[in-house]
>>> print(open('input-v9.pdb').read())   # PDB, C-alpha atoms
ATOM      1  CA  MET M 405      11.996  12.146  -4.497
ATOM      2  CA  ALA M 406       9.292  13.875  -6.550
ATOM      3  CA  LEU M 407       5.778  13.175  -5.280
ATOM      4  CA  ARG M 408       2.454  14.354  -6.636
ATOM      5  CA  ARG M 409      -1.063  13.940  -5.335
ATOM      6  CA  ILE M 410      -3.186  11.175  -6.786
ATOM      7  CA  GLN M 411      -5.912  12.571  -9.026
ATOM      8  CA  SER M 412      -9.193  11.081 -10.174
ATOM      9  CA  THR M 413      -7.699  10.518 -13.646
ATOM     10  CA  ASP M 414      -4.920   8.256 -12.256
ATOM     11  CA  ALA M 415      -6.958   5.055 -11.807
ATOM     12  CA  ASP M 416      -5.442   3.238 -14.802
ATOM     13  CA  LEU M 417      -1.910   4.203 -13.734
ATOM     14  CA  LEU M 418      -2.583   3.009 -10.176
ATOM     15  CA  ARG M 419      -3.898  -0.328 -11.485
ATOM     16  CA  ALA M 420      -0.772  -0.770 -13.624
ATOM     17  CA  ILE M 421       1.559  -0.020 -10.685
ATOM     18  CA  TYR M 422      -0.457  -2.354  -8.431
ATOM     19  CA  ALA M 423      -0.331  -5.265 -10.895
ATOM     20  CA  ASP M 424       3.351  -4.735 -11.745
ATOM     21  CA  ALA M 425       4.344  -4.659  -8.081
ATOM     22  CA  ILE M 426       2.697  -7.992  -7.395
ATOM     23  CA  GLU M 427       3.760  -9.746 -10.598
ATOM     24  CA  SER M 428       7.381  -8.611 -10.323
ATOM     25  CA  GLN M 429       8.016  -8.981  -6.586
ATOM     26  CA  ALA M 430       5.672 -11.536  -5.002
ATOM     27  CA  ARG M 431       7.268 -14.729  -6.327
ATOM     28  CA  GLY M 432       9.080 -16.566  -3.584
ATOM     29  CA  LEU M 433       6.811 -15.029  -0.936
ATOM     30  CA  TYR M 434       3.444 -16.037  -2.378
ATOM     31  CA  SER M 435       2.184 -19.038  -4.340
ATOM     32  CA  GLU M 436       1.185 -18.750  -8.009
ATOM     33  CA  ALA M 437      -2.474 -19.075  -6.967
ATOM     34  CA  GLN M 438      -2.075 -16.194  -4.506
ATOM     35  CA  ILE M 439      -0.324 -14.010  -7.083
ATOM     36  CA  HIS M 440      -3.022 -14.694  -9.677
ATOM     37  CA  ALA M 441      -5.854 -13.946  -7.217
ATOM     38  CA  TRP M 442      -4.158 -10.793  -5.926
ATOM     39  CA  VAL M 443      -3.349  -9.373  -9.372
ATOM     40  CA  SER M 444      -6.905 -10.044 -10.533
ATOM     41  CA  LEU M 445      -8.148  -7.429  -8.072
ATOM     42  CA  ALA M 446      -6.481  -4.724 -10.157
ATOM     43  CA  TRP M 447      -8.643  -5.465 -13.174
ATOM     44  CA  LEU M 448     -11.991  -6.507 -11.675
ATOM     45  CA  PRO M 449     -14.526  -3.693 -12.022
ATOM     46  CA  GLY M 450     -15.477  -2.032  -8.764
ATOM     47  CA  VAL M 451     -12.952  -3.703  -6.464
ATOM     48  CA  LEU M 452     -10.363  -0.937  -6.170
ATOM     49  CA  ASP M 453     -12.580   1.866  -7.483
ATOM     50  CA  PRO M 454     -13.868   2.977  -4.045
ATOM     51  CA  LEU M 455     -10.303   3.224  -2.707
ATOM     52  CA  PHE M 456      -9.126   5.178  -5.741
ATOM     53  CA  ARG M 457     -12.188   7.459  -5.579
ATOM     54  CA  ASP M 458     -12.340   8.077  -1.822
ATOM     55  CA  GLY M 459      -8.709   7.651  -0.797
ATOM     56  CA  ASP M 460      -6.063  10.296  -0.401
ATOM     57  CA  GLY M 461      -2.520   9.660  -1.526
ATOM     58  CA  TRP M 462       0.558  10.244  -3.601
ATOM     59  CA  ILE M 463       2.366   8.962  -6.676
ATOM     60  CA  SER M 464       6.161   8.832  -6.645
ATOM     61  CA  GLY M 465       8.376   9.532  -9.606
ATOM     62  CA  ASP M 466       6.916   9.153 -13.059
ATOM     63  CA  GLY M 467       4.459   6.467 -11.991
ATOM     64  CA  ALA M 468       6.992   4.368 -10.069
ATOM     65  CA  ALA M 469       4.951   3.842  -6.916
ATOM     66  CA  PHE M 470       1.926   5.036  -4.973
ATOM     67  CA  ALA M 471       0.495   5.101  -1.466
ATOM     68  CA  LEU M 472      -3.072   5.788  -0.473
ATOM     69  CA  ARG M 473      -4.943   6.299   2.816
ATOM     70  CA  GLN M 474      -8.548   5.195   3.228
ATOM     71  CA  PRO M 475      -9.943   6.043   5.723
ATOM     72  CA  GLN M 476      -7.646   8.815   6.886
ATOM     73  CA  ASP M 477      -6.062   6.771   9.695
ATOM     74  CA  ARG M 478      -5.258   3.730   7.524
ATOM     75  CA  LEU M 479      -2.530   3.165   4.973
ATOM     76  CA  ALA M 480      -4.675   1.144   2.590
ATOM     77  CA  LEU M 481      -2.398   0.679  -0.438
ATOM     78  CA  LEU M 482       1.373   0.897  -0.934
ATOM     79  CA  TYR M 483       2.756  -0.449  -4.221
ATOM     80  CA  CYS M 484       5.961   0.044  -6.217
ATOM     81  CA  ARG M 485       6.864  -1.267  -9.656
ATOM     82  CA  GLY M 486       9.524  -3.972  -9.483
ATOM     83  CA  GLN M 487      12.084  -2.124 -11.602
ATOM     84  CA  GLU M 488      11.721   0.912  -9.300
ATOM     85  CA  SER M 489      11.911  -0.978  -5.998
ATOM     86  CA  ARG M 490      14.660  -0.304  -3.462
ATOM     87  CA  GLN M 491      15.174   3.229  -4.752
ATOM     88  CA  GLY M 492      13.451   5.113  -1.920
ATOM     89  CA  HIS M 493       9.963   5.475  -3.391
ATOM     90  CA  GLY M 494       8.253   3.431  -0.672
ATOM     91  CA  THR M 495      10.017   5.209   2.168
ATOM     92  CA  ALA M 496       9.248   8.645   0.692
ATOM     93  CA  LEU M 497       5.586   7.695   0.271
ATOM     94  CA  VAL M 498       5.228   6.303   3.790
ATOM     95  CA  LYS M 499       6.817   9.434   5.275
ATOM     96  CA  ARG M 500       4.515  11.684   3.183
ATOM     97  CA  ILE M 501       1.439   9.703   4.293
ATOM     98  CA  GLU M 502       2.569  10.026   7.917
ATOM     99  CA  CYS M 503       3.090  13.795   7.492
ATOM    100  CA  ASP M 504      -0.381  14.202   6.003
ATOM    101  CA  ALA M 505      -1.968  12.259   8.859
ATOM    102  CA  ARG M 506      -0.013  14.252  11.435
ATOM    103  CA  ALA M 507      -1.029  17.547   9.781
ATOM    104  CA  GLU M 508      -4.671  16.462  10.074
ATOM    105  CA  GLY M 509      -4.232  15.994  13.813
ATOM    106  CA  LEU M 510      -4.057  12.211  13.838
ATOM    107  CA  VAL M 511      -1.822  10.624  16.467
ATOM    108  CA  HIS M 512      -1.979   7.085  15.097
ATOM    109  CA  ILE M 513      -2.099   5.367  11.698
ATOM    110  CA  HIS M 514      -2.483   1.668  10.935
ATOM    111  CA  ALA M 515      -2.243  -0.829   8.067
ATOM    112  CA  GLU M 516      -2.710  -4.459   7.138
ATOM    113  CA  ALA M 517       0.698  -5.106   5.579
ATOM    114  CA  SER M 518       1.606  -7.768   3.069
ATOM    115  CA  LEU M 519       4.806  -9.784   3.230
ATOM    116  CA  LEU M 520       6.135  -7.266   0.678
ATOM    117  CA  SER M 521       5.406  -4.120   2.692
ATOM    118  CA  ARG M 522       6.006  -5.300   6.247
ATOM    119  CA  PRO M 523       9.835  -4.948   6.136
ATOM    120  CA  LEU M 524       9.563  -1.411   4.748
ATOM    121  CA  LEU M 525       7.051  -0.377   7.396
ATOM    122  CA  GLU M 526       9.238  -1.847  10.134
ATOM    123  CA  ARG M 527      12.195   0.209   8.844
ATOM    124  CA  CYS M 528       9.918   3.250   9.090
ATOM    125  CA  SER M 529       9.249   2.508  12.806
ATOM    126  CA  TRP M 530       5.869   0.854  12.400
ATOM    127  CA  ARG M 531       5.020  -1.819  14.975
ATOM    128  CA  PHE M 532       3.736  -5.328  14.262
ATOM    129  CA  HIS M 533       0.624  -6.387  16.231
ATOM    130  CA  GLY M 534      -0.257  -9.777  14.822
ATOM    131  CA  SER M 535      -1.293 -11.639  11.717
ATOM    132  CA  GLU M 536      -4.686 -12.378  10.223
ATOM    133  CA  VAL M 537      -5.817 -14.722   7.472
ATOM    134  CA  PHE M 538      -8.255 -13.575   4.799
ATOM    135  CA  THR M 539      -9.227 -14.850   1.358
ATOM    136  CA  VAL M 540      -9.193 -13.393  -2.131
ATOM    137  CA  ALA M 541     -11.210 -15.386  -4.670
ATOM    138  CA  GLY M 542     -11.157 -18.312  -2.241
ATOM    139  CA  VAL M 543      -7.354 -18.231  -1.899
ATOM    140  CA  PRO M 544      -6.022 -17.736   1.653
ATOM    141  CA  PHE M 545      -3.591 -14.914   2.439
ATOM    142  CA  GLU M 546      -1.963 -13.672   5.594
ATOM    143  CA  HIS M 547      -1.507 -10.003   6.371
ATOM    144  CA  HIS M 548       0.104  -8.245   9.291
ATOM    145  CA  ARG M 549      -1.625  -5.675  11.493
ATOM    146  CA  MET M 550       0.778  -2.787  11.985
ATOM    147  CA  ASP M 551       0.627   0.736  13.301
ATOM    148  CA  ARG M 552       2.656   3.860  13.799
ATOM    149  CA  GLN M 553       2.324   6.422  16.557
ATOM    150  CA  LEU M 554       2.644   9.900  15.068
ATOM    151  CA  HIS M 555       4.513  12.454  17.132
ATOM    152  CA  ASN M 556       4.451  16.185  16.528
TER     153      ASN M 556
END
>>> encode(input="input-v9.pdb", output="structure tokens")
Amino acid sequence: MALRRIQSTDADLLRAIYADAIESQARGLYSEAQIHAWVSLAWLPGVLDPLFRDGDGWISGDGAAFALRQPQDRLALLYCRGQESRQGHGTALVKRIECDARAEGLVHIHAEASLLSRPLLERCSWRFHGSEVFTVAGVPFEHHRMDRQLHN
């Protein structure tokens, strides 16, 4: 799986992957109101900009998927276009993020996983620690606190 580092010029590509992932894969897991609120974050000025600017991550394939850490011990974003899902992009990205964290001396990494990403993280040996409710544009969501111990 070809991976390349995210660059400052990739913001529009990351937004497109983010929106596609939600629009193409969230139905059946999330309500239409949740999908609309979640996708809107991709296009609202300033919402994702700090993550894209300050995060560290990778793009898989020719813009198929991306993963980003922010701060260094947190997997903040993991998104894959629907037509590219279940082809190994997510697993390759999670493993690369774990390798980067390990190389920086971290022994632990965590995430707040969506219903979309939780199964993938569990397959990658991440542990579930509970759920939390939060809101986006007044719409309630549930995410799952997860972590992974990194061994050298």
>>> resolve_selection(input="input-v9.pdb", expression="the PyMOL selection byres ((chain M and resi 470-482) around 7)", output="list in words")
Leu455, Asp458, Gly459, Asp460, Gly461, Trp462, Ile463, Ser464, Ala469, Tyr483, Cys484, Leu497, Ala505, His512, Ile513, His514 and Ala515 of chain M
>>> residues_near_point(input="input-v9.pdb", point="(6.3, 2.1, 10.7)", cutoff="9 Å", atoms="only C-alpha atoms", output="PDB file with C-alpha atoms, in the coordinates of the input")
ATOM      1  CA  VAL M 498       5.228   6.303   3.790  1.00  0.00           C
ATOM      2  CA  HIS M 514      -2.483   1.668  10.935  1.00  0.00           C
ATOM      3  CA  ARG M 522       6.006  -5.300   6.247  1.00  0.00           C
ATOM      4  CA  LEU M 524       9.563  -1.411   4.748  1.00  0.00           C
ATOM      5  CA  LEU M 525       7.051  -0.377   7.396  1.00  0.00           C
ATOM      6  CA  GLU M 526       9.238  -1.847  10.134  1.00  0.00           C
ATOM      7  CA  ARG M 527      12.195   0.209   8.844  1.00  0.00           C
ATOM      8  CA  CYS M 528       9.918   3.250   9.090  1.00  0.00           C
ATOM      9  CA  SER M 529       9.249   2.508  12.806  1.00  0.00           C
ATOM     10  CA  TRP M 530       5.869   0.854  12.400  1.00  0.00           C
ATOM     11  CA  ARG M 531       5.020  -1.819  14.975  1.00  0.00           C
ATOM     12  CA  PHE M 532       3.736  -5.328  14.262  1.00  0.00           C
ATOM     13  CA  MET M 550       0.778  -2.787  11.985  1.00  0.00           C
ATOM     14  CA  ASP M 551       0.627   0.736  13.301  1.00  0.00           C
ATOM     15  CA  ARG M 552       2.656   3.860  13.799  1.00  0.00           C
ATOM     16  CA  GLN M 553       2.324   6.422  16.557  1.00  0.00           C
TER      17      GLN M 553
END
>>> closest_residue(input="input-v9.pdb", among="M:Leu433, M:Ile501, M:Ala441, M:Leu554", to="Leu519 (chain M)", atoms="all atoms listed in the file")
M:Leu433
>>> atom_distance(input="input-v9.pdb", atom1="CA of Leu417 (chain M)", atom2="CA of Trp447 (chain M)")
11.8 Å
>>> closest_residue(input="input-v9.pdb", among="M:Arg431, M:Leu407, M:Gly542, M:Tyr422", to="Lys499 (chain M)", atoms="all atoms listed in the file")
M:Leu407
>>> atom_distance(input="input-v9.pdb", atom1="CA of Gln411 (chain M)", atom2="CA of Gly450 (chain M)")
17.5 Å
>>> residues_around(input="input-v9.pdb", residues="Gly467 (chain M)", least_positions_apart="6", cutoff="10 Å", atoms="only C-alpha atoms", output="number ranges by chain")
M: 407-408, 414, 417-418, 420-421, 484-485, 488
>>> residues_around(input="input-v9.pdb", residues="His548 (chain M)", least_positions_apart="4", cutoff="6 Å", atoms="all atoms listed in the file", output="NGL selection string")
:M and (516-517 or 534-535)
>>> residues_around(input="input-v9.pdb", residues="Ala415 (chain M)", least_positions_apart="5", cutoff="9 Å", atoms="all atoms listed in the file", output="list in words")
Ile410, Ala420, Leu452, Asp453, Phe456 and Arg457 of chain M
>>> write_last_selection(input="input-v9.pdb", atoms="C-alpha atoms", output="PDB file, in the coordinates of the input")
ATOM      1  CA  ILE M 410      -3.186  11.175  -6.786  1.00  0.00           C
ATOM      2  CA  ALA M 420      -0.772  -0.770 -13.624  1.00  0.00           C
ATOM      3  CA  LEU M 452     -10.363  -0.937  -6.170  1.00  0.00           C
ATOM      4  CA  ASP M 453     -12.580   1.866  -7.483  1.00  0.00           C
ATOM      5  CA  PHE M 456      -9.126   5.178  -5.741  1.00  0.00           C
ATOM      6  CA  ARG M 457     -12.188   7.459  -5.579  1.00  0.00           C
TER       7      ARG M 457
END
>>> decode(input="input-v9.pdb", residues="region 422-470 of chain M", atoms="N, CA and C atoms", output="PDB file, in the first residue's frame")
ATOM      1  N   TYR M 422     -12.812  13.082   3.529  1.00  0.00           N
ATOM      2  CA  TYR M 422     -13.623  13.141   4.745  1.00  0.00           C
ATOM      3  C   TYR M 422     -15.111  13.101   4.392  1.00  0.00           C
ATOM      4  N   ALA M 423     -15.535  14.012   3.515  1.00  0.00           N
ATOM      5  CA  ALA M 423     -16.956  14.092   3.149  1.00  0.00           C
ATOM      6  C   ALA M 423     -17.414  12.824   2.438  1.00  0.00           C
ATOM      7  N   ASP M 424     -16.622  12.309   1.510  1.00  0.00           N
ATOM      8  CA  ASP M 424     -16.985  11.096   0.786  1.00  0.00           C
ATOM      9  C   ASP M 424     -17.145   9.915   1.739  1.00  0.00           C
ATOM     10  N   ALA M 425     -16.231   9.786   2.674  1.00  0.00           N
ATOM     11  CA  ALA M 425     -16.299   8.662   3.620  1.00  0.00           C
ATOM     12  C   ALA M 425     -17.621   8.667   4.383  1.00  0.00           C
ATOM     13  N   ILE M 426     -18.011   9.817   4.850  1.00  0.00           N
ATOM     14  CA  ILE M 426     -19.246   9.914   5.629  1.00  0.00           C
ATOM     15  C   ILE M 426     -20.468   9.692   4.739  1.00  0.00           C
ATOM     16  N   GLU M 427     -20.519  10.403   3.626  1.00  0.00           N
ATOM     17  CA  GLU M 427     -21.691  10.308   2.743  1.00  0.00           C
ATOM     18  C   GLU M 427     -21.874   8.908   2.167  1.00  0.00           C
ATOM     19  N   SER M 428     -20.799   8.194   1.925  1.00  0.00           N
ATOM     20  CA  SER M 428     -20.904   6.889   1.270  1.00  0.00           C
ATOM     21  C   SER M 428     -21.000   5.710   2.235  1.00  0.00           C
ATOM     22  N   GLN M 429     -20.655   5.907   3.516  1.00  0.00           N
ATOM     23  CA  GLN M 429     -20.602   4.756   4.411  1.00  0.00           C
ATOM     24  C   GLN M 429     -21.406   4.879   5.701  1.00  0.00           C
ATOM     25  N   ALA M 430     -21.902   6.064   6.029  1.00  0.00           N
ATOM     26  CA  ALA M 430     -22.543   6.256   7.329  1.00  0.00           C
ATOM     27  C   ALA M 430     -24.019   5.874   7.367  1.00  0.00           C
ATOM     28  N   ARG M 431     -24.650   5.763   6.209  1.00  0.00           N
ATOM     29  CA  ARG M 431     -26.080   5.401   6.210  1.00  0.00           C
ATOM     30  C   ARG M 431     -26.267   4.014   6.813  1.00  0.00           C
ATOM     31  N   GLY M 432     -27.285   3.885   7.614  1.00  0.00           N
ATOM     32  CA  GLY M 432     -27.525   2.633   8.315  1.00  0.00           C
ATOM     33  C   GLY M 432     -26.915   2.628   9.712  1.00  0.00           C
ATOM     34  N   LEU M 433     -25.894   3.432   9.922  1.00  0.00           N
ATOM     35  CA  LEU M 433     -25.275   3.567  11.246  1.00  0.00           C
ATOM     36  C   LEU M 433     -25.653   4.893  11.903  1.00  0.00           C
ATOM     37  N   TYR M 434     -25.891   5.894  11.074  1.00  0.00           N
ATOM     38  CA  TYR M 434     -26.191   7.242  11.551  1.00  0.00           C
ATOM     39  C   TYR M 434     -27.459   7.749  10.875  1.00  0.00           C
ATOM     40  N   SER M 435     -28.167   8.648  11.552  1.00  0.00           N
ATOM     41  CA  SER M 435     -29.372   9.245  10.981  1.00  0.00           C
ATOM     42  C   SER M 435     -28.981  10.267   9.905  1.00  0.00           C
ATOM     43  N   GLU M 436     -29.961  10.665   9.094  1.00  0.00           N
ATOM     44  CA  GLU M 436     -29.703  11.681   8.067  1.00  0.00           C
ATOM     45  C   GLU M 436     -29.255  12.992   8.712  1.00  0.00           C
ATOM     46  N   ALA M 437     -29.838  13.345   9.847  1.00  0.00           N
ATOM     47  CA  ALA M 437     -29.438  14.574  10.544  1.00  0.00           C
ATOM     48  C   ALA M 437     -27.984  14.487  11.005  1.00  0.00           C
ATOM     49  N   GLN M 438     -27.580  13.323  11.507  1.00  0.00           N
ATOM     50  CA  GLN M 438     -26.190  13.146  11.932  1.00  0.00           C
ATOM     51  C   GLN M 438     -25.239  13.230  10.739  1.00  0.00           C
ATOM     52  N   ILE M 439     -25.598  12.578   9.646  1.00  0.00           N
ATOM     53  CA  ILE M 439     -24.743  12.604   8.455  1.00  0.00           C
ATOM     54  C   ILE M 439     -24.590  14.035   7.961  1.00  0.00           C
ATOM     55  N   HIS M 440     -25.686  14.761   7.872  1.00  0.00           N
ATOM     56  CA  HIS M 440     -25.637  16.148   7.396  1.00  0.00           C
ATOM     57  C   HIS M 440     -24.751  17.008   8.312  1.00  0.00           C
ATOM     58  N   ALA M 441     -24.933  16.894   9.613  1.00  0.00           N
ATOM     59  CA  ALA M 441     -24.136  17.684  10.561  1.00  0.00           C
ATOM     60  C   ALA M 441     -22.654  17.322  10.461  1.00  0.00           C
ATOM     61  N   TRP M 442     -22.359  16.043  10.368  1.00  0.00           N
ATOM     62  CA  TRP M 442     -20.983  15.563  10.326  1.00  0.00           C
ATOM     63  C   TRP M 442     -20.286  16.020   9.042  1.00  0.00           C
ATOM     64  N   VAL M 443     -20.943  15.840   7.905  1.00  0.00           N
ATOM     65  CA  VAL M 443     -20.353  16.250   6.627  1.00  0.00           C
ATOM     66  C   VAL M 443     -20.120  17.756   6.599  1.00  0.00           C
ATOM     67  N   SER M 444     -21.008  18.510   7.215  1.00  0.00           N
ATOM     68  CA  SER M 444     -20.868  19.974   7.184  1.00  0.00           C
ATOM     69  C   SER M 444     -19.547  20.437   7.783  1.00  0.00           C
ATOM     70  N   LEU M 445     -18.986  19.663   8.689  1.00  0.00           N
ATOM     71  CA  LEU M 445     -17.709  20.042   9.296  1.00  0.00           C
ATOM     72  C   LEU M 445     -16.586  20.131   8.266  1.00  0.00           C
ATOM     73  N   ALA M 446     -16.684  19.348   7.207  1.00  0.00           N
ATOM     74  CA  ALA M 446     -15.649  19.365   6.175  1.00  0.00           C
ATOM     75  C   ALA M 446     -15.560  20.719   5.484  1.00  0.00           C
ATOM     76  N   TRP M 447     -16.701  21.395   5.360  1.00  0.00           N
ATOM     77  CA  TRP M 447     -16.737  22.598   4.536  1.00  0.00           C
ATOM     78  C   TRP M 447     -16.841  23.891   5.329  1.00  0.00           C
ATOM     79  N   LEU M 448     -17.043  23.808   6.638  1.00  0.00           N
ATOM     80  CA  LEU M 448     -17.116  25.027   7.451  1.00  0.00           C
ATOM     81  C   LEU M 448     -15.708  25.582   7.665  1.00  0.00           C
ATOM     82  N   PRO M 449     -15.515  26.858   7.381  1.00  0.00           N
ATOM     83  CA  PRO M 449     -14.176  27.439   7.550  1.00  0.00           C
ATOM     84  C   PRO M 449     -13.696  27.335   8.996  1.00  0.00           C
ATOM     85  N   GLY M 450     -12.454  26.930   9.152  1.00  0.00           N
ATOM     86  CA  GLY M 450     -11.823  26.921  10.461  1.00  0.00           C
ATOM     87  C   GLY M 450     -12.032  25.694  11.317  1.00  0.00           C
ATOM     88  N   VAL M 451     -12.976  24.830  10.978  1.00  0.00           N
ATOM     89  CA  VAL M 451     -13.265  23.687  11.847  1.00  0.00           C
ATOM     90  C   VAL M 451     -12.149  22.641  11.786  1.00  0.00           C
ATOM     91  N   LEU M 452     -11.821  22.193  10.605  1.00  0.00           N
ATOM     92  CA  LEU M 452     -10.777  21.178  10.451  1.00  0.00           C
ATOM     93  C   LEU M 452      -9.393  21.777  10.198  1.00  0.00           C
ATOM     94  N   ASP M 453      -9.340  23.061   9.900  1.00  0.00           N
ATOM     95  CA  ASP M 453      -8.070  23.705   9.566  1.00  0.00           C
ATOM     96  C   ASP M 453      -6.975  23.489  10.615  1.00  0.00           C
ATOM     97  N   PRO M 454      -7.260  23.646  11.910  1.00  0.00           N
ATOM     98  CA  PRO M 454      -6.183  23.425  12.893  1.00  0.00           C
ATOM     99  C   PRO M 454      -5.636  21.987  12.865  1.00  0.00           C
ATOM    100  N   LEU M 455      -6.519  21.017  12.670  1.00  0.00           N
ATOM    101  CA  LEU M 455      -6.050  19.624  12.583  1.00  0.00           C
ATOM    102  C   LEU M 455      -5.185  19.420  11.355  1.00  0.00           C
ATOM    103  N   PHE M 456      -5.627  19.938  10.219  1.00  0.00           N
ATOM    104  CA  PHE M 456      -4.857  19.797   8.984  1.00  0.00           C
ATOM    105  C   PHE M 456      -3.519  20.522   9.087  1.00  0.00           C
ATOM    106  N   ARG M 457      -3.502  21.683   9.744  1.00  0.00           N
ATOM    107  CA  ARG M 457      -2.284  22.482   9.864  1.00  0.00           C
ATOM    108  C   ARG M 457      -1.302  21.888  10.873  1.00  0.00           C
ATOM    109  N   ASP M 458      -1.807  21.456  12.024  1.00  0.00           N
ATOM    110  CA  ASP M 458      -0.934  21.043  13.123  1.00  0.00           C
ATOM    111  C   ASP M 458      -0.755  19.538  13.239  1.00  0.00           C
ATOM    112  N   GLY M 459      -1.592  18.776  12.558  1.00  0.00           N
ATOM    113  CA  GLY M 459      -1.524  17.321  12.657  1.00  0.00           C
ATOM    114  C   GLY M 459      -0.402  16.738  11.826  1.00  0.00           C
ATOM    115  N   ASP M 460      -0.167  15.467  12.071  1.00  0.00           N
ATOM    116  CA  ASP M 460       0.859  14.719  11.354  1.00  0.00           C
ATOM    117  C   ASP M 460       0.204  13.438  10.851  1.00  0.00           C
ATOM    118  N   GLY M 461       0.321  13.173   9.550  1.00  0.00           N
ATOM    119  CA  GLY M 461      -0.346  11.978   9.061  1.00  0.00           C
ATOM    120  C   GLY M 461       0.027  11.603   7.652  1.00  0.00           C
ATOM    121  N   TRP M 462      -0.790  10.711   7.103  1.00  0.00           N
ATOM    122  CA  TRP M 462      -0.498  10.041   5.846  1.00  0.00           C
ATOM    123  C   TRP M 462      -1.733   9.951   4.964  1.00  0.00           C
ATOM    124  N   ILE M 463      -1.503   9.952   3.667  1.00  0.00           N
ATOM    125  CA  ILE M 463      -2.536   9.699   2.667  1.00  0.00           C
ATOM    126  C   ILE M 463      -2.209   8.368   2.022  1.00  0.00           C
ATOM    127  N   SER M 464      -3.224   7.548   1.802  1.00  0.00           N
ATOM    128  CA  SER M 464      -3.048   6.240   1.186  1.00  0.00           C
ATOM    129  C   SER M 464      -3.530   6.263  -0.257  1.00  0.00           C
ATOM    130  N   GLY M 465      -2.783   5.552  -1.092  1.00  0.00           N
ATOM    131  CA  GLY M 465      -3.172   5.456  -2.493  1.00  0.00           C
ATOM    132  C   GLY M 465      -3.146   6.816  -3.161  1.00  0.00           C
ATOM    133  N   ASP M 466      -3.963   6.966  -4.152  1.00  0.00           N
ATOM    134  CA  ASP M 466      -4.064   8.229  -4.882  1.00  0.00           C
ATOM    135  C   ASP M 466      -5.226   9.040  -4.310  1.00  0.00           C
ATOM    136  N   GLY M 467      -5.152   9.312  -3.007  1.00  0.00           N
ATOM    137  CA  GLY M 467      -6.221  10.049  -2.348  1.00  0.00           C
ATOM    138  C   GLY M 467      -7.380   9.176  -1.925  1.00  0.00           C
ATOM    139  N   ALA M 468      -7.101   7.896  -1.623  1.00  0.00           N
ATOM    140  CA  ALA M 468      -8.156   6.972  -1.206  1.00  0.00           C
ATOM    141  C   ALA M 468      -8.558   7.171   0.247  1.00  0.00           C
ATOM    142  N   ALA M 469      -7.586   7.469   1.097  1.00  0.00           N
ATOM    143  CA  ALA M 469      -7.843   7.516   2.535  1.00  0.00           C
ATOM    144  C   ALA M 469      -6.754   8.351   3.208  1.00  0.00           C
ATOM    145  N   PHE M 470      -7.024   8.757   4.448  1.00  0.00           N
ATOM    146  CA  PHE M 470      -5.987   9.437   5.221  1.00  0.00           C
ATOM    147  C   PHE M 470      -6.178   9.180   6.707  1.00  0.00           C
TER     148      PHE M 470
END
